[in-house]
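Here's start.txt, which has compact mmCIF, C-alpha atoms:
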# COMPACT_ATOMS: atom_id res chain seq x y z
CA MET O 28 -39.55 -4.22 62.32
CA PRO O 29 -38.56 -7.83 61.52
CA SER O 30 -34.77 -8.17 61.86
CA GLN O 31 -34.61 -9.69 58.41
CA SER O 32 -31.72 -11.75 59.53
CA GLY O 33 -30.48 -14.67 61.52
CA ASN O 34 -27.02 -15.42 62.78
CA PRO O 35 -24.79 -16.63 59.94
CA ALA O 36 -23.60 -20.19 60.34
CA SER O 37 -21.30 -22.48 58.42
CA GLY O 38 -22.73 -25.34 56.41
CA ASP O 39 -22.74 -27.26 53.14
CA LYS O 40 -23.59 -24.69 50.49
CA ALA O 41 -25.09 -27.39 48.28
CA GLU O 42 -27.79 -27.99 50.91
CA LEU O 43 -28.69 -24.33 51.39
CA ARG O 44 -31.75 -22.66 49.92
CA HIS O 45 -31.01 -20.25 47.10
CA SER O 46 -32.53 -16.85 46.45
CA PRO O 47 -34.10 -16.28 43.03
CA LEU O 48 -31.36 -13.65 42.64
CA GLN O 49 -28.50 -16.13 43.05
CA ALA O 50 -27.26 -15.57 39.48
CA VAL O 51 -27.19 -11.79 40.07
CA HIS O 52 -25.04 -12.21 43.18
CA GLU O 53 -22.63 -14.46 41.31
CA ARG O 54 -22.25 -11.93 38.49
CA LEU O 55 -21.59 -9.17 41.02
CA GLY O 56 -18.90 -11.24 42.76
CA ALA O 57 -20.63 -11.32 46.14
CA THR O 58 -19.12 -13.03 49.15
CA MET O 59 -21.83 -15.53 50.04
CA THR O 60 -22.64 -16.95 53.46
CA ASP O 61 -24.93 -19.47 55.11
CA PHE O 62 -27.62 -17.30 56.63
CA ALA O 63 -30.50 -19.03 58.42
CA GLY O 64 -30.30 -21.91 55.95
CA TRP O 65 -30.06 -19.66 52.89
CA LEU O 66 -27.04 -18.86 50.75
CA MET O 67 -27.08 -15.05 50.86
CA PRO O 68 -24.68 -12.18 50.01
CA LEU O 69 -22.67 -10.96 52.97
CA ARG O 70 -20.97 -8.20 50.98
CA TYR O 71 -20.08 -7.40 47.38
CA GLY O 72 -16.93 -5.41 48.09
CA SER O 73 -16.59 -2.94 50.93
CA GLU O 74 -19.38 -3.22 53.48
CA THR O 75 -18.57 0.31 54.66
CA ALA O 76 -19.04 1.64 51.13
CA GLU O 77 -22.34 -0.25 50.88
CA HIS O 78 -23.46 1.23 54.21
CA ASN O 79 -22.50 4.75 53.13
CA ALA O 80 -24.30 4.34 49.80
CA VAL O 81 -27.57 3.81 51.67
CA ARG O 82 -27.01 6.84 53.90
CA SER O 83 -26.02 9.15 51.02
CA GLY O 84 -27.90 7.79 47.99
CA ALA O 85 -29.46 4.36 47.65
CA ALA O 86 -28.64 0.67 47.42
CA LEU O 87 -30.40 -2.60 46.59
CA PHE O 88 -30.82 -5.52 48.98
CA ASP O 89 -31.97 -9.06 48.33
CA LEU O 90 -34.34 -10.06 51.14
CA SER O 91 -35.77 -13.17 49.52
CA HIS O 92 -34.80 -15.25 52.55
CA MET O 93 -37.53 -13.59 54.59
CA GLY O 94 -40.65 -15.60 55.32
CA GLU O 95 -43.90 -14.57 53.61
CA ILE O 96 -47.02 -16.15 55.06
CA ALA O 97 -50.50 -15.33 53.74
CA VAL O 98 -53.44 -15.37 56.15
CA THR O 99 -56.69 -15.16 54.23
CA GLY O 100 -60.42 -15.64 54.48
CA PRO O 101 -63.38 -13.94 56.17
CA GLY O 102 -62.03 -14.82 59.62
CA ALA O 103 -58.44 -13.76 58.99
CA ALA O 104 -58.56 -10.42 60.83
CA GLU O 105 -60.05 -11.81 64.03
CA ALA O 106 -57.76 -14.86 63.91
CA LEU O 107 -54.67 -12.65 63.74
CA ASP O 108 -55.96 -10.50 66.61
CA TYR O 109 -55.78 -13.64 68.76
CA ALA O 110 -52.46 -14.83 67.33
CA VAL O 111 -50.32 -11.68 67.82
CA CYS O 112 -50.04 -8.97 70.45
CA GLY O 113 -51.01 -6.22 67.99
CA TRP O 114 -54.41 -5.35 66.53
CA PRO O 115 -54.38 -6.38 62.85
CA SER O 116 -58.15 -6.10 62.43
CA GLN O 117 -57.81 -2.33 62.91
CA LEU O 118 -55.56 -2.00 59.85
CA ALA O 119 -57.09 -0.44 56.77
CA PRO O 120 -56.30 -2.21 53.50
CA GLY O 121 -52.98 -0.91 52.22
CA ARG O 122 -51.49 -0.32 55.66
CA ALA O 123 -48.94 -2.25 57.73
CA ARG O 124 -47.95 -2.66 61.35
CA TYR O 125 -44.91 -3.90 63.22
CA THR O 126 -45.93 -6.45 65.84
CA MET O 127 -44.79 -9.56 67.67
CA LEU O 128 -45.76 -13.19 67.99
CA CYS O 129 -45.49 -14.00 71.69
CA ALA O 130 -45.51 -17.24 73.67
CA PRO O 131 -48.07 -17.74 76.45
CA ASP O 132 -45.46 -16.48 78.95
CA GLY O 133 -45.01 -13.24 76.96
CA GLY O 134 -41.65 -14.14 75.44
CA VAL O 135 -41.08 -13.05 71.84
CA LEU O 136 -41.16 -15.89 69.29
CA ASP O 137 -40.61 -13.46 66.41
CA ASP O 138 -41.09 -9.84 65.44
CA LEU O 139 -43.23 -9.38 62.35
CA VAL O 140 -44.53 -6.91 59.83
CA ILE O 141 -48.17 -7.52 58.88
CA TYR O 142 -49.62 -5.97 55.72
CA ARG O 143 -53.34 -5.85 55.11
CA GLN O 144 -53.36 -6.22 51.35
CA ALA O 145 -57.14 -6.60 51.04
CA PRO O 146 -60.06 -6.88 53.49
CA ASP O 147 -59.64 -10.66 53.73
CA ARG O 148 -55.92 -10.99 52.97
CA PHE O 149 -52.95 -10.31 55.26
CA LEU O 150 -49.27 -10.85 54.46
CA VAL O 151 -47.21 -11.75 57.52
CA VAL O 152 -43.46 -11.25 57.07
CA ALA O 153 -41.27 -13.29 59.41
CA ASN O 154 -37.55 -13.52 60.02
CA ALA O 155 -35.79 -16.22 58.04
CA THR O 156 -34.70 -18.04 61.19
CA ASN O 157 -38.27 -18.23 62.47
CA THR O 158 -40.41 -18.80 59.37
CA ALA O 159 -41.22 -22.40 60.30
CA VAL O 160 -42.05 -21.42 63.89
CA VAL O 161 -44.30 -18.55 62.80
CA LEU O 162 -46.03 -20.71 60.19
CA GLY O 163 -46.73 -23.47 62.71
CA GLU O 164 -48.00 -21.06 65.36
CA LEU O 165 -50.28 -19.24 62.94
CA GLN O 166 -51.71 -22.51 61.70
CA ARG O 167 -52.51 -23.50 65.29
CA ARG O 168 -53.75 -20.08 66.39
CA CYS O 169 -55.79 -19.19 63.29
CA PRO O 170 -58.22 -22.08 62.72
CA GLY O 171 -60.73 -19.65 61.23
CA ALA O 172 -58.39 -18.61 58.40
CA VAL O 173 -56.33 -20.12 55.60
CA VAL O 174 -52.60 -19.94 56.44
CA GLN O 175 -50.21 -20.55 53.56
CA ASP O 176 -46.42 -20.27 53.25
CA GLU O 177 -45.60 -18.22 50.14
CA THR O 178 -41.85 -17.88 50.76
CA GLU O 179 -40.72 -20.14 47.92
CA VAL O 180 -42.78 -18.32 45.28
CA THR O 181 -41.91 -14.80 46.46
CA GLY O 182 -38.93 -12.59 45.66
CA LEU O 183 -38.26 -9.64 47.96
CA ILE O 184 -36.06 -6.70 46.99
CA ALA O 185 -35.46 -3.57 49.05
CA ILE O 186 -34.30 -0.23 47.68
CA GLN O 187 -33.18 1.95 50.57
CA GLY O 188 -31.79 5.46 50.85
CA PRO O 189 -32.80 9.08 50.24
CA ASN O 190 -32.67 8.59 46.45
CA ALA O 191 -34.92 5.50 46.56
CA PRO O 192 -38.23 7.27 45.74
CA GLY O 193 -36.82 9.01 42.69
CA ILE O 194 -35.25 5.84 41.29
CA LEU O 195 -38.24 3.59 41.91
CA SER O 196 -40.67 6.15 40.47
CA ARG O 197 -39.06 5.68 37.04
CA VAL O 198 -40.06 2.02 36.80
CA THR O 199 -43.36 1.78 38.71
CA ASP O 200 -46.90 2.86 37.92
CA LEU O 201 -47.59 3.67 41.58
CA PRO O 202 -47.72 7.30 42.82
CA LEU O 203 -44.97 7.06 45.41
CA GLU O 204 -45.14 10.68 46.54
CA GLY O 205 -48.47 9.97 48.25
CA MET O 206 -47.46 6.68 49.85
CA ARG O 207 -47.11 6.95 53.62
CA TYR O 208 -44.58 5.14 55.80
CA TYR O 209 -45.83 1.62 56.62
CA ALA O 210 -48.22 1.63 53.68
CA GLY O 211 -48.24 -0.47 50.53
CA ALA O 212 -50.08 -0.99 47.25
CA SER O 213 -50.30 -3.36 44.30
CA GLY O 214 -48.82 -2.14 41.04
CA THR O 215 -45.99 -2.96 38.67
CA VAL O 216 -42.22 -2.54 38.88
CA GLY O 217 -40.28 -2.98 35.67
CA GLY O 218 -43.47 -4.27 34.10
CA CYS O 219 -43.85 -7.03 36.71
CA PRO O 220 -46.79 -7.28 39.14
CA ALA O 221 -45.61 -6.38 42.65
CA TRP O 222 -46.67 -5.31 46.13
CA VAL O 223 -44.67 -2.17 46.95
CA ALA O 224 -44.41 -1.02 50.58
CA ARG O 225 -42.72 1.99 52.12
CA THR O 226 -40.92 -0.01 54.78
CA GLY O 227 -37.34 -1.01 55.55
CA TYR O 228 -34.69 -1.93 58.09
CA THR O 229 -32.01 0.71 57.55
CA GLY O 230 -33.25 3.91 59.17
CA GLU O 231 -33.61 5.54 55.74
CA ASP O 232 -36.50 6.15 53.42
CA GLY O 233 -37.08 3.30 51.03
CA PHE O 234 -39.32 0.56 49.72
CA GLU O 235 -39.67 -3.19 49.84
CA ILE O 236 -40.89 -4.87 46.67
CA TYR O 237 -42.64 -8.25 46.80
CA CYS O 238 -42.90 -10.00 43.44
CA ALA O 239 -43.06 -13.47 41.97
CA ALA O 240 -39.77 -15.29 42.45
CA GLY O 241 -39.48 -15.69 38.68
CA ASP O 242 -39.72 -11.90 38.20
CA ALA O 243 -37.12 -10.96 40.83
CA GLU O 244 -34.17 -10.64 38.47
CA ARG O 245 -36.21 -8.53 36.04
CA VAL O 246 -37.25 -6.18 38.86
CA TRP O 247 -33.65 -5.92 40.13
CA THR O 248 -32.39 -5.11 36.63
CA ALA O 249 -35.08 -2.51 36.06
CA LEU O 250 -34.14 -0.69 39.24
CA SER O 251 -30.43 -0.84 38.42
CA GLU O 252 -30.99 0.51 34.92
CA ALA O 253 -33.30 3.26 36.19
CA ALA O 254 -30.49 4.55 38.37
CA SER O 255 -27.68 4.17 35.84
CA ARG O 256 -28.15 7.65 34.35
CA ASP O 257 -27.27 9.14 37.75
CA GLY O 258 -23.93 7.40 38.14
CA GLU O 259 -20.51 8.71 37.32
CA ALA O 260 -18.43 6.74 34.88
CA GLY O 261 -17.35 3.47 36.46
CA THR O 262 -19.43 4.01 39.59
CA PRO O 263 -22.77 2.21 39.98
CA ALA O 264 -25.56 4.63 40.89
CA LEU O 265 -27.40 1.86 42.69
CA PRO O 266 -24.92 -0.56 44.23
CA ALA O 267 -25.93 -3.84 45.79
CA ALA O 268 -25.55 -4.10 49.56
CA GLY O 269 -25.20 -7.27 51.62
CA LEU O 270 -26.11 -8.50 55.05
CA ALA O 271 -23.09 -6.93 56.74
CA ALA O 272 -24.18 -3.42 55.73
CA ARG O 273 -27.77 -4.17 56.74
CA ASP O 274 -26.56 -5.02 60.23
CA THR O 275 -24.62 -1.80 60.77
CA LEU O 276 -27.45 0.25 59.26
CA ARG O 277 -30.11 -1.27 61.53
CA LEU O 278 -27.81 -0.96 64.57
CA GLU O 279 -27.27 2.77 63.93
CA ALA O 280 -31.07 3.09 63.62
CA GLY O 281 -31.56 1.32 66.96
CA MET O 282 -33.63 -1.46 65.37
CA PRO O 283 -33.74 -4.80 67.22
CA LEU O 284 -32.34 -8.02 65.79
CA TYR O 285 -34.08 -11.27 66.68
CA GLY O 286 -31.64 -13.46 68.58
CA ASN O 287 -29.86 -10.41 69.98
CA GLU O 288 -32.30 -7.81 71.31
CA LEU O 289 -35.36 -10.07 70.99
CA GLY O 290 -35.97 -13.69 71.91
CA PRO O 291 -38.20 -16.07 73.85
CA GLU O 292 -36.66 -15.04 77.18
CA MET O 293 -37.60 -11.37 76.60
CA THR O 294 -40.96 -9.62 76.41
CA PRO O 295 -41.57 -6.55 74.21
CA TYR O 296 -41.34 -4.38 77.33
CA GLU O 297 -37.66 -5.17 77.94
CA ALA O 298 -36.86 -4.07 74.41
CA GLY O 299 -38.67 -0.76 74.92
CA LEU O 300 -41.35 -1.89 72.48
CA GLY O 301 -44.32 -2.12 74.81
CA ARG O 302 -46.21 0.12 72.39
CA VAL O 303 -46.75 -2.87 70.09
CA VAL O 304 -48.71 -4.72 72.79
CA ARG O 305 -52.35 -3.71 72.39
CA LEU O 306 -53.83 -4.47 75.78
CA ASP O 307 -56.71 -2.18 74.81
CA LYS O 308 -58.02 -4.51 72.12
CA PRO O 309 -61.07 -6.60 73.02
CA GLY O 310 -60.88 -10.33 73.58
CA ASP O 311 -58.05 -12.63 74.47
CA PHE O 312 -54.76 -13.15 72.67
CA VAL O 313 -51.84 -15.47 73.24
CA GLY O 314 -49.66 -14.11 76.04
CA ARG O 315 -52.16 -11.50 77.20
CA ALA O 316 -52.18 -12.41 80.91
CA ALA O 317 -48.39 -12.57 81.13
CA LEU O 318 -47.97 -9.29 79.26
CA GLU O 319 -50.53 -7.53 81.45
CA GLU O 320 -48.54 -8.65 84.48
CA ARG O 321 -45.25 -7.47 82.98
CA ALA O 322 -46.78 -4.13 82.01
CA ALA O 323 -47.94 -3.62 85.59
CA GLU O 324 -44.64 -4.52 87.25
CA GLY O 325 -42.33 -2.87 84.72
CA PRO O 326 -39.38 -4.34 82.81
CA ARG O 327 -36.64 -6.16 84.70
CA ARG O 328 -34.05 -5.15 82.11
CA THR O 329 -33.66 -2.03 80.00
CA LEU O 330 -32.24 -1.78 76.48
CA ILE O 331 -29.73 1.09 76.24
CA GLY O 332 -27.36 2.59 73.70
CA LEU O 333 -23.63 2.93 74.37
CA VAL O 334 -20.98 4.83 72.42
CA ALA O 335 -17.44 3.59 73.00
CA ARG O 336 -14.75 6.11 73.82
CA SER O 337 -11.99 3.90 72.43
CA ARG O 338 -11.58 2.24 69.04
CA ARG O 339 -12.07 -1.23 70.50
CA VAL O 340 -15.34 -2.71 69.32
CA PRO O 341 -17.89 -4.10 71.79
CA ARG O 342 -19.42 -7.34 70.55
CA HIS O 343 -22.46 -9.47 71.32
CA GLY O 344 -22.07 -11.15 74.71
CA TYR O 345 -19.54 -8.72 76.22
CA ALA O 346 -20.30 -7.74 79.82
CA VAL O 347 -21.46 -4.21 80.69
CA LEU O 348 -20.01 -2.85 83.93
CA SER O 349 -20.94 -0.13 86.37
CA GLY O 350 -17.78 0.37 88.36
CA SER O 351 -16.58 -3.17 89.03
CA ALA O 352 -20.09 -4.67 89.04
CA GLU O 353 -21.48 -6.50 86.04
CA VAL O 354 -24.90 -4.99 85.32
CA GLY O 355 -25.70 -6.20 81.83
CA VAL O 356 -24.58 -7.57 78.49
CA VAL O 357 -23.99 -6.23 74.99
CA THR O 358 -26.57 -7.52 72.52
CA SER O 359 -25.22 -5.89 69.32
CA GLY O 360 -22.06 -3.93 68.66
CA ALA O 361 -20.07 -2.73 65.65
CA PRO O 362 -18.05 0.19 64.33
CA SER O 363 -20.47 2.86 63.14
CA PRO O 364 -19.50 4.11 59.66
CA THR O 365 -21.77 7.13 60.05
CA LEU O 366 -20.65 8.19 63.54
CA GLY O 367 -17.05 7.09 63.13
CA THR O 368 -16.88 5.25 66.46
CA PRO O 369 -17.92 1.86 67.87
CA ILE O 370 -21.50 1.64 69.17
CA ALA O 371 -23.51 -0.98 71.01
CA MET O 372 -26.95 -1.85 72.27
CA ALA O 373 -27.06 -3.63 75.61
CA TYR O 374 -29.46 -4.91 78.22
CA VAL O 375 -28.77 -3.68 81.74
CA ALA O 376 -30.62 -4.24 84.97
CA THR O 377 -33.42 -1.69 85.30
CA GLY O 378 -32.16 1.12 87.53
CA ALA O 379 -28.47 0.51 86.78
CA THR O 380 -26.53 3.76 86.63
CA GLY O 381 -23.29 4.78 84.97
CA PRO O 382 -20.66 5.59 84.26
CA PHE O 383 -20.65 2.39 82.20
CA GLY O 384 -17.80 0.33 80.88
CA ILE O 385 -17.61 -2.67 78.56
CA ASP O 386 -15.38 -5.64 79.24
CA VAL O 387 -13.55 -6.03 75.93
CA ARG O 388 -11.41 -9.15 76.27
CA GLY O 389 -10.46 -8.46 79.85
CA THR O 390 -10.04 -4.69 79.60
CA THR O 391 -12.71 -2.27 80.77
CA GLU O 392 -13.37 0.23 78.01
CA PRO O 393 -15.42 3.32 79.00
CA ALA O 394 -18.64 3.95 77.09
CA ASP O 395 -21.13 6.80 77.16
CA LEU O 396 -24.85 6.23 77.58
CA THR O 397 -26.88 7.66 74.69
CA GLU O 398 -30.48 7.69 73.57
CA LEU O 399 -31.58 5.30 70.85
CA PRO O 400 -31.46 5.49 67.90
CA PHE O 401 -27.84 6.41 67.36
CA TYR O 402 -28.78 7.81 63.94
CA ASP O 403 -32.05 9.50 62.96
CA ARG O 404 -32.31 10.64 59.33
CA ARG O 405 -34.98 13.18 60.25
CA LYS O 406 -32.40 15.04 62.33
CA GLN O 407 -29.64 14.77 59.72
CA ARG O 408 -31.30 16.61 56.86
For the structure just supplied, provide its representation as structure tokens.
Amino acid sequence: MPSQSGNPASGDKAELRHSPLQAVHERLGATMTDFAGWLMPLRYGSETAEHNAVRSGAALFDLSHMGEIAVTGPGAAEALDYAVCGWPSQLAPGRARYTMLCAPDGGVLDDLVIYRQAPDRFLVVANATNTAVVLGELQRRCPGAVVQDETEVTGLIAIQGPNAPGILSRVTDLPLEGMRYYAGASGTVGGCPAWVARTGYTGEDGFEIYCAAGDAERVWTALSEAASRDGEAGTPALPAAGLAARDTLRLEAGMPLYGNELGPEMTPYEAGLGRVVRLDKPGDFVGRAALEERAAEGPRRTLIGLVARSRRVPRHGYAVLSGSAEVGVVTSGAPSPTLGTPIAMAYVATGATGPFGIDVRGTTEPADLTELPFYDRRKQR
């Protein structure tokens, strides 16, 4: 799904865009960071505690930095079929798909989630770092549709974790028990109109709530109050979680991050996501010829999972070794709070064999190859 992130960078906080939940973050004492041009919460206290809250209960995330782009009109479905490598016109209203916007050479410009909210209305959700790129490309590629950036007027809140359905059900008029994964519907949350989707970027069950920016704080408060009866004295039942916890959660779930596992120099096939490329759909789409060629020849690199044997943490950019030969590079790495050991995703040359090691500041640290994802909630319960 979209990485819902960009690499944090330093900058003048006065020039950054602010979430409609900025006042909430200030009251909660969040550590704020420049994130893709937005001032966003990195953590509120312990990022490990925030991570564990999602795995064991639930937590709230502010995702208002994500890009929301509406594609509407009678020609919207066919226009999107040409614009992306997926098949949006095959979506029924109320369903969603993960897909990618590719360049003519097949490289990934962004990974997206597309919701079909009505027969002639699609909501395209882009990564914060790429919203302007996605908007410009859709405007060029979809002349038969109306393409409008709705980011500034939209608040986006995620509630993630096994307790998410029970908490959200107390403040929404939607029947959540019948909502499938990658489905959504219009309803209310805390009395505010909202689009509620069963999607997320943590590897847990949960929902993403799209509302008017002016209603975001009211929705956040309603969710927090709905959970308060479950908490022990002095312990919030629904803590807030920041970007640091999101990153370790998505890494454990083997979900790609744009700028790490995905980028313009990679096609979906390298990332093991060839399933999102719908070569069986009729007509042309941007990147089709290049992607057909890559599908025929096979990926030149393979995305793998590695579990470190030592406590030293592999980081983005560290070399992956097979014996003394460098065969790849770490794309994402961090200590795994759930597994209790450092983990990493890495690209290696297709056909490279282990045993693998990771060059951690000049020392080769052994690492074991493992299947992705590192964590699968369906196998944990």
Interatomic distance (Å, one decimal) between CA of Pro170 in chain O and CA of Leu118 in chain O: 20.5 Å
Which of O:Ala322, O:Ala267, O:Cys238, O:Leu284 sits closest to Leu69 in chain O [using all atoms listed in the file]: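 Using all atoms listed in the file, the shortest distance to Leu69 in chain O belongs to O:Ala267.
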Pairwise distance for CA of Arg338 in chain O and CA of Thr380 in chain O, rounded to one decimal in Å: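 CA of Thr380 in chain O lies 23.1 Å from CA of Arg338 in chain O.
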Among the residues O:Tyr237, O:Phe88, O:Tyr374, O:Phe312, the one that comes closest to Ser213 in chain O [using all atoms listed in the file]: O:Tyr237
Counting all atoms listed in the file, which residues of range 323-355 of chain O fall within 9 Å of range 363-368 of chain O, and what is the closest atom pair for each with its distance in Å at one decimal, ordered by chain and rising number, as CSV?
residue,atom,partner,partner_atom,distance
O:Val334,CA,O:Thr368,CA,7.2
O:Ala335,CA,O:Thr368,CA,6.8
O:Arg336,CA,O:Thr368,CA,7.7
O:Ser337,CA,O:Thr368,CA,7.8
O:Arg338,CA,O:Thr368,CA,6.6
O:Val340,CA,O:Thr368,CA,8.6
